[in-house]
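**Student:** Pasting in a structure now, in structure tokens, and then I'll have a few things to ask.
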Amino acid sequence: MSAVALQQDVEAGVERVRERIAGACERAGRDPASITLVAVSKGQPTEAIAAAREAGIRHFGENRIQEAVPKIEDATAAGVEATWHLVGHLQSNKAKAAANAFDVIHSVDSARLLRRLEAAAPAPRDVLLQVNVAAEPQKEGVAPDEVEGLVEAAGRTANLRLRGLMTIAPIAGDPGEVRPVFRSLRLLAERFQLPALSMGMTDDFEVAIEEGATLVRVGRAIFGERRS
């Protein structure tokens, strides 16, 4: 695909997603400016990231450290100024690399990982706690009743700023079926007075916004299928 075609493709995807965000916000009586769109660039080349940045995207999400670090370096060298979010599972032995590469880490799920990030972060980092609301055995994240302990552990760190909670909803044919998952996370965040809610992806982010999401993680609807 030519650079011009790629730019047009990505711009169209961004526009469609922003229209869907605006529609969800209108239904929920919310301001679209209250939603941070995180473009998940897993499997996308630097050129696609640059195209999204040109289309107005300021926040990018990556899933895997090994793929993300060289990509972030390449994008930065190419002049792409962005806020980088780690949205995939993070093993504690990769905490140092994550703390150095990412501005926001969505997937904290243990006190050990908090300690590793705290020790490694070269500057204050924003973090979110990943909660496995639906108790799916194949997914990472803590149980809802474990959140309080992690909130307390995060409060004892000096270099990490606990912003909120994250979840990945079950796959459903009808996005409305996962509405209770998003609602449960919102109520949990309200209990601990945490303002950020990272929930909702390409197939269900509109329902997530209606239930209070402040960050939505969207890849396929912006970029299409993986390009690399």
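Letters A, B, ... go to the chains of the structure tokens in the order shown; residues in each chain start at 1; ligands are counted from 1 in the same order.
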Per residue of segment 20-61 of chain A within 12 Å of segment 88-101 of chain A, which atom pair is closest and at what distance in Å (one decimal), using only C-alpha atoms, listed by chain and increasing number, as JSON lines?
**Tutor:**
{"residue": "A:Val40", "atom": "CA", "partner": "A:Gly88", "partner_atom": "CA", "distance": 10.2}
{"residue": "A:Ser41", "atom": "CA", "partner": "A:Gly88", "partner_atom": "CA", "distance": 11.7}
{"residue": "A:Lys42", "atom": "CA", "partner": "A:Gly88", "partner_atom": "CA", "distance": 9.8}
{"residue": "A:Gly61", "atom": "CA", "partner": "A:Gly88", "partner_atom": "CA", "distance": 8.6}
**Student:** Would you list the contacts of Arg217 of chain A as a list in words, taking every protein, DNA or RNA residue within 7 Å and counting only C-alpha atoms, but skipping same-chain residues closer than 4 positions in sequence?
**Tutor:**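 Within the cut-off, the hits are Leu37, Val38, Ala39, Val40, Gly200 and Met201 of chain A.
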**Student:** Find, counting only C-alpha atoms, the residue in A:Val17, A:Gly149, A:Glu225, A:Arg53 that gets nearest to Ile35 of chain A.
**Tutor:**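 Using only C-alpha atoms, Ile35 of chain A sits closest to A:Val17.
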**Student:** Can you pull out every residue within 12 Å of segment 56-59 of chain A, counting only C-alpha atoms, but drop anything in the same chain fewer than 4 positions away, and send it as an MDAnalysis selection string?
**Tutor:** chainID A and resid 7 10:15 17:18 35:41 48:52 80:87 102:104 215:219 222:223
**Student:** Do a neighbour search on segment 155-165 of chain A at 10 Å with only C-alpha atoms, toss out local chain neighbours closer than 6 positions, and write the hits as an NGL selection string.
**Tutor:** :A and (99 or 104-108 or 114-115 or 117-131 or 147 or 149 or 185-186 or 188-190 or 192-199 or 213-214)
**Student:** Please report the interatomic distance between atom CA of Arg220 of chain A and atom CA of Ala33 of chain A in Å with one decimal.
**Tutor:** 21.8 Å
**Student:** Could you list, as an MDAnalysis selection string, every residue within 12 Å of segment 25-30 of chain A, counting only C-alpha atoms and ignoring same-chain residues fewer than 5 positions away?
**Tutor:** chainID A and resid 18:20 35 205:214
